[in-house]
Every structure is written in structure tokens, then in C-alpha cells.
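See below for the structure under consideration.
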Number of protein chains: 2
Amino acid sequence: MRISGLAAATGVPVATIKYYLREGLLPPGEASSATQATYDADHVARLRLIRALVDVAGLSIAAVRDVLAALGADDVFDALGRTQEQLPPRVGEDVDTTAALDLVHTLGWSTAPGSAPLRQLAVALDAAAAVDMAITPQQLEIYGRAAYEVAECDVAGVPTTSVADATRYAVLGTVLYEPVLLALRRLAHQQVSAQRFGAPRPPAHRSRSRRTPVSPPASSR
Amino acid sequence: MRISGLAAATGVPVATIKYYLREGLLPPGEASSATQATYDADHVARLRLIRALVDVAGLSIAAVRDVLAALGADDVFDALGRTQEQLPPRVGEDVDTTAALDLVHTLGWSTAPGSAPLRQLAVALDAAAAVDMAITPQQLEIYGRAAYEVAECDVAGVPTTSVADATRYAVLGTVLYEPVLLALRRLAHQQVSAQRFGAPRPPAHRSRSRRTPVSPPASSR
């Protein structure tokens with residue numbers, strides 16, 4: 001198919017496809033004349049993947065490039081590490097991870113002092129604490145347990161058919177299932193709040209008093 | 001303090017502070033002359049909050065503006081809904097949420113068909129499925145259970161001192177604890193993988209064979 005067909009098949013505008021071609025995210029099509037190229041099903045699949053990484057995972061173009069490169073790694077854990085390095089919050093190498101490492105040890109886990117997710121955890125904990133929202137040790141234990149249950153489920157799903165399959169699953173499962181987990185947490189907030197504080201009332205009846213400690217859910221907003 | 005003092009106290013460059021002032025994220029200082037203004041501890045706190053929302057939660061300036069506005073809501077659930085609407089993945093109103101709503105019902109939860117987290121879930125599930133990484137019902141049950149445990153812990157922590165306190169906790173806990181949960185999941189991936197596939201070997205000894213089904217962790221990268 002021509003570039004217009006690729007656009008039609010994926011819903012991605014031609015200008016955006018050309019941008020991805022220039023940036024090297026999408027391999028060039030097969031030249032059919034001096035000014036035309038043809039594209040195939042692999043281009044459609046790659047383009048869908050780029051859009052998932054940009055639109056849903058929220059990665060920058062530079063991060064997408066690195067994540068796509070990680071798909072070609074010949075070692076699953078190398079691919080996983082390279083992918084984790086590209087995920088938000090983006091952190092430098094010089095983050096103090098002492099407190100975060102203590103926490104990881106409290107959970108009974110181990111990690112390298114400079115690993116990307118440890119630095120990401122340190123930055124996230126510091127940011128919450130800086131606005132008087134420090135997460136408590138009790139909360140962290142529950143968060144850690146929940147994260148572990150999810151990770152066990154993820155790792156159990158790693159295909160053993162080939163390194164390429166395992167790498168793809170590790171990389172894309174890391175990136176694309178994060179938004180699923182977060183959306184479920186937000187939905188669970190609605191659910192748990194409604195149970196604790198009562199069913200939502202229509203907005204017209206909503207209390208306007210600042211003295212009401214907690215008001216009913218607006219899940220129907 | 002002057003704007004230079006505000007910059008020194010927070011590590012945010014003067015040019016960035018001026019940008020936040022222009023965008024209305026930071027309230028103006030008190031004018032001390034035609035060209036000078038003074039700033040106080042509230043400005044320091046607000047600036048730290050903006051940076052947490054931008055740098056760690058990854059919100060756009062427009063999303064930060066809405067989240068800051070939600071802090072002033074006089075209803076906790078209104079604030080929560082407005083905050084959830086600003087979170088990634090950003091989704092339109094026209095997303096088909098039928099399958100996502102079925103899933104939510106399977107978990108025993110309820111939500112409005114057009115609620116923001118339901119649309120976010122629908123988009124995240126579709127993106128994974130579009131690249132042959134559809135998440136299974138079994139995985140979703142585990143993800144849902146983990147999200148629920150985290151949400152129970154979150155809601156249990158809502159302060160009952162005042163609506164303002166509860167709103168601040170709901171808004172900032174939603175936004176700022178998400179990166180904590182994700183960093184813990186990434187660390188748990190390292191931990192569970194190491195347990196399942198063996199302790200990490202140094203990179204120099206790492207297998208280069210494409211035939212090895214799964215290779216050891218690179219958590220020390």
C-alpha cells in the first residue's frame with residue numbers, strides 16, 4: 001500500500017507518518033519509484049505500536065525509539081532494564097536512593113542502588129513529601145504488596161516460546177499495562193469512596209457546606 | 001523574598017517562575033515597587049506543588065491548572081472527578097466504553113458509563129489489544145484486586161478534619177501516589193523475575209544466544 005493507505009489503515013495522519021519515518025521510528029517502505037514507496041502489514045503493526053506508546057503510555061519520541069530498540073535486545077532482562085529507564089518520572093543518575101533502598105529492603109526485595117525504578121521511586125517519594133503528602137510506611141507496605149501481586153501475574157505470563165517473544169512481552173507489558181493498573185485504581189477510588197461515604201447524590205443536591213467533613217461521590221459527573 | 005529568592009528556595013529557574021506567573025498557576029507576589037514583587041512561604045509551597053505535578057506526575061500545564069483548581073472545590077468527589085479527567089491517557093468523550101464497563105461489572109464495581117477512568121481504561125485496553133498484547137480476564141482480576149487494595153488504603157487515609165483537607169488529600173494522593181505504585185511494580189518485576197529465572201549474572205557473562213528462552217535479570221544495569 002502507499003502512504004495514504006497506511007494512514008487509512010491506522011488512522012494516523014500522513015504528516016505524522018512522515019515524521020516517524022524521518023525520526024527512524026518507522027522503517028522506510030520499499031521504493032516503487034523515485035517518489036513513491038509501498039508499505040506492508042509490518043508497517044501497520046509498527047505504527048499501531050508507536051501510537052500506543054505515544055498516546056496511551058505517554059512516551060516521548062526519544063523514549064519510543066529506545067523502547068522499540070529494546071524489543072530487539074537478545075536478553076529479556078537487558079530489554080526490561082532499558083525499558084524501565086525510559087519510563088516516567090524521568091530521573092537523573094544523581095538521585096539519592098538511600099531512603100528508597102531502605103524501603104525496598106523493608107519489603108524484602110533487592111535491587112541495585114542505581115537501578116532506574118529505584119531512582120523513580122526515590123523521586124516520587126520525595127515529590128510527595130515535599131508537598132506534605134509523604135506516604136506512610138503502612139501505605140507503602142500495602143502498595144508494595146499490591147505491586148508484587150501484579151508483578152507475579154505479569155511474570156507468570158512471560159512466554160517461553162522464544163527470547164524474542166519473551167522480550168516483546170516484558171517490554172510492552174511493562175509499558176502498556178501501567179495505564180490499565182492506574183485506570184483501575186481510579187475506578188476503585190470511586191467504588192471504595194461510594195461504599196465508605198455513601199452512594200452519589202445528584203449534583204443539584206450536593207452539599208455546599210465547607211463544614212461537611214466528606215461529601216458523596218461524583219462518580220456520575 | 002524577591003523572585004530570585006523564590007528561585008533559590010525551590011531550585012526552579014526565574015524564567016520558569018515567570019512563565020508560571022504568566023500562566024496563572026502561581027499567584028502574583030505583592031508589588032513592592034513598579035517592577036518588583038515579594039513572595040512568601042505560600043508561593044514556595046505552591047511552586048513545589050507545581051513542580052511535583054509537572055516533573056513527577058508528568059502533567060501538562062493545562063492539566064496542572066485544572067488540578068490546582070480542583071484543590072479549591074467544595075466537594076471531595078467533585079474534586080476527585082475533575083482530577084481524574086486530567087490524568088493520562090487523555091481521552092475524548094466519544095470512546096466506546098462497553099467492554100470496559102462489562103469488565104468493571106465483572107469486578108463487582110460500578111461507575112458511570114462516561115466516567116473519565118472508565119474511558120481511560122477502555123483506551124488502555126484497546127491499545128494493548130491493538131498490538132497483540134490483550135490483557136486476559138485472569139490478569140484483569142488480579143490487577144483489579146490489587147487496585148482495590150490500594151484504593152481501600154488510600155480512602156482510609158482521607159482526613160476528616162475538613163473538606164479542604166480531604167480534597168487536598170484526594171487530589172494529590174490520586175496524582176502523586178501513581179508514580180509510587182508504578183515504580184514499585186517495576187521493582188517487583190525485577191524481584192519476581194530474579195526469583196523465577198535465577199539471580200542476575202554480571203553483564204560480561206550474559207548469554208548472547210537467541211535460543212535461550214529467558215535470560216537472567218539485568219537489575220544491576
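Just remember, in the C-alpha cells the first chain shown is A, the second B, etc., residues are 1-based per chain, and ligands are 1-based in the order shown.
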
Inset, instruction - Output as a PyMOL selection string all residues of chain B that backbone DSSP marks as alpha helix (DSSP H). - result: chain B and resi 3-10+14-23+41-51+61-70+76-85+98-106+116-130+137-156+163-176+178-197

Inset, instruction - Identify, on the basis of only C-alpha atoms, every residue whose closest approach to range 102-116 of chain B does not exceed 12 Å; exclude the query and any residue fewer than 6 positions from it along the same chain; express the result as a PyMOL selection string. - result: (chain A and resi 180+182-195+199-200+217-221) or (chain B and resi 80-96+122-123+125+135-148)

Legend entry - Distance criterion (only C-alpha atoms): nearest to chain B out of A:Val12, A:Val163, A:Leu21, A:Ala129: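 When distances to chain B are compared using only C-alpha atoms, the smallest one comes from A:Val163.
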
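Near Ala128 in chain A, within 9 Å and counting only C-alpha atoms, sit Val123, Ala124, Leu125, Val131, Asp132, Met133, Ala134 and Ile135 of chain A; Leu49, Ala52, Leu172, Gly173, Leu176 and Tyr177 of chain B, not including residues fewer than 3 positions from it in the same chain.
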
Inset, instruction - With a distance cut-off of 8 Å and only C-alpha atoms, select the neighbouring residues of range 6-11 of chain A, excluding the residue or stretch itself and same-chain residues fewer than 4 positions from it, and output the selection as a list in words. - result: Met1, Arg2, Ile17, Tyr39, His43, Val44, Leu47 and Arg48 of chain A

Legend entry - Counting only C-alpha atoms, the option among A:Ala15, A:Ala156, A:Val64, A:Ala151 closest to chain B: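 Under the stated criterion, the closest residue is A:Ala151.
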
Which of range 25-216 of chain B end up as strand (DSSP E or B) when DSSP is run on this backbone - answer as a tab-separated table (two decimals) with N, CA and C atoms, in the first residue's frame?
chain	number	residue	atom	x	y	z
B	30	GLU	N	3.30	40.24	46.06
B	30	GLU	CA	2.82	41.56	46.49
B	30	GLU	C	3.77	42.60	45.90
B	31	ALA	N	3.20	43.56	45.16
B	31	ALA	CA	4.03	44.57	44.49
B	31	ALA	C	4.74	45.44	45.53
B	37	ALA	N	8.25	42.54	43.06
B	37	ALA	CA	7.20	41.95	43.89
B	37	ALA	C	7.87	41.06	44.92
B	38	THR	N	7.19	40.86	46.03
B	38	THR	CA	7.74	39.96	47.05
B	38	THR	C	6.85	38.73	47.17

Inset, instruction - For Tyr19 in chain B, please output as number ranges by chain all residues within 12 Å (counting only C-alpha atoms; exclusion window: fewer than 5 positions along the same chain). - result: B: 12-14, 24-28, 47, 50, 61

Just the selected residues (N, CA, C and O atoms), exported as a PDB file, in the first residue's frame, please.
ATOM      1  N   VAL B  12      13.785  26.270  41.237  1.00  0.00           N
ATOM      2  CA  VAL B  12      13.105  26.496  39.957  1.00  0.00           C
ATOM      3  C   VAL B  12      13.677  27.782  39.336  1.00  0.00           C
ATOM      4  O   VAL B  12      13.716  28.819  39.997  1.00  0.00           O
ATOM      5  N   PRO B  13      14.121  27.745  38.086  1.00  0.00           N
ATOM      6  CA  PRO B  13      14.709  28.936  37.455  1.00  0.00           C
ATOM      7  C   PRO B  13      13.718  30.104  37.403  1.00  0.00           C
ATOM      8  O   PRO B  13      12.506  29.895  37.281  1.00  0.00           O
ATOM      9  N   VAL B  14      14.273  31.330  37.485  1.00  0.00           N
ATOM     10  CA  VAL B  14      13.444  32.536  37.458  1.00  0.00           C
ATOM     11  C   VAL B  14      12.569  32.574  36.203  1.00  0.00           C
ATOM     12  O   VAL B  14      11.378  32.925  36.270  1.00  0.00           O
ATOM     13  N   GLY B  24      -0.741  31.923  35.192  1.00  0.00           N
ATOM     14  CA  GLY B  24      -1.715  31.976  36.280  1.00  0.00           C
ATOM     15  C   GLY B  24      -1.657  30.792  37.225  1.00  0.00           C
ATOM     16  O   GLY B  24      -2.550  30.613  38.060  1.00  0.00           O
ATOM     17  N   LEU B  25      -0.629  29.949  37.108  1.00  0.00           N
ATOM     18  CA  LEU B  25      -0.513  28.806  38.024  1.00  0.00           C
ATOM     19  C   LEU B  25      -0.063  29.268  39.398  1.00  0.00           C
ATOM     20  O   LEU B  25      -0.421  28.680  40.419  1.00  0.00           O
ATOM     21  N   LEU B  26       0.745  30.317  39.396  1.00  0.00           N
ATOM     22  CA  LEU B  26       1.301  30.868  40.629  1.00  0.00           C
ATOM     23  C   LEU B  26       0.694  32.257  40.794  1.00  0.00           C
ATOM     24  O   LEU B  26       0.728  33.060  39.861  1.00  0.00           O
ATOM     25  N   PRO B  27       0.093  32.541  41.968  1.00  0.00           N
ATOM     26  CA  PRO B  27      -0.498  33.874  42.142  1.00  0.00           C
ATOM     27  C   PRO B  27       0.591  34.945  42.189  1.00  0.00           C
ATOM     28  O   PRO B  27       1.717  34.659  42.602  1.00  0.00           O
ATOM     29  N   PRO B  28       0.282  36.160  41.729  1.00  0.00           N
ATOM     30  CA  PRO B  28       1.303  37.214  41.716  1.00  0.00           C
ATOM     31  C   PRO B  28       1.789  37.519  43.127  1.00  0.00           C
ATOM     32  O   PRO B  28       1.046  37.354  44.103  1.00  0.00           O
ATOM     33  N   LEU B  47       4.800  26.518  44.400  1.00  0.00           N
ATOM     34  CA  LEU B  47       5.794  26.213  43.370  1.00  0.00           C
ATOM     35  C   LEU B  47       6.261  24.760  43.476  1.00  0.00           C
ATOM     36  O   LEU B  47       6.423  24.065  42.459  1.00  0.00           O
ATOM     37  N   ILE B  50       3.535  22.640  41.984  1.00  0.00           N
ATOM     38  CA  ILE B  50       3.528  22.682  40.512  1.00  0.00           C
ATOM     39  C   ILE B  50       4.612  21.771  39.955  1.00  0.00           C
ATOM     40  O   ILE B  50       4.390  21.000  39.025  1.00  0.00           O
ATOM     41  N   ILE B  61       0.782  21.742  31.448  1.00  0.00           N
ATOM     42  CA  ILE B  61       0.471  22.983  32.161  1.00  0.00           C
ATOM     43  C   ILE B  61      -1.052  23.147  32.286  1.00  0.00           C
ATOM     44  O   ILE B  61      -1.559  23.548  33.336  1.00  0.00           O
TER      45      ILE B  61
END

Inset, instruction - Pick out the closest residue to Gln120 in chain B from this set: B:Ala100, B:Tyr169, B:Phe77, B:Ala164. Count only C-alpha atoms. - result: B:Ala100

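Pairwise distance (CA of Leu101 in chain A, CA of Leu121 in chain A) equals 9.2 Å.
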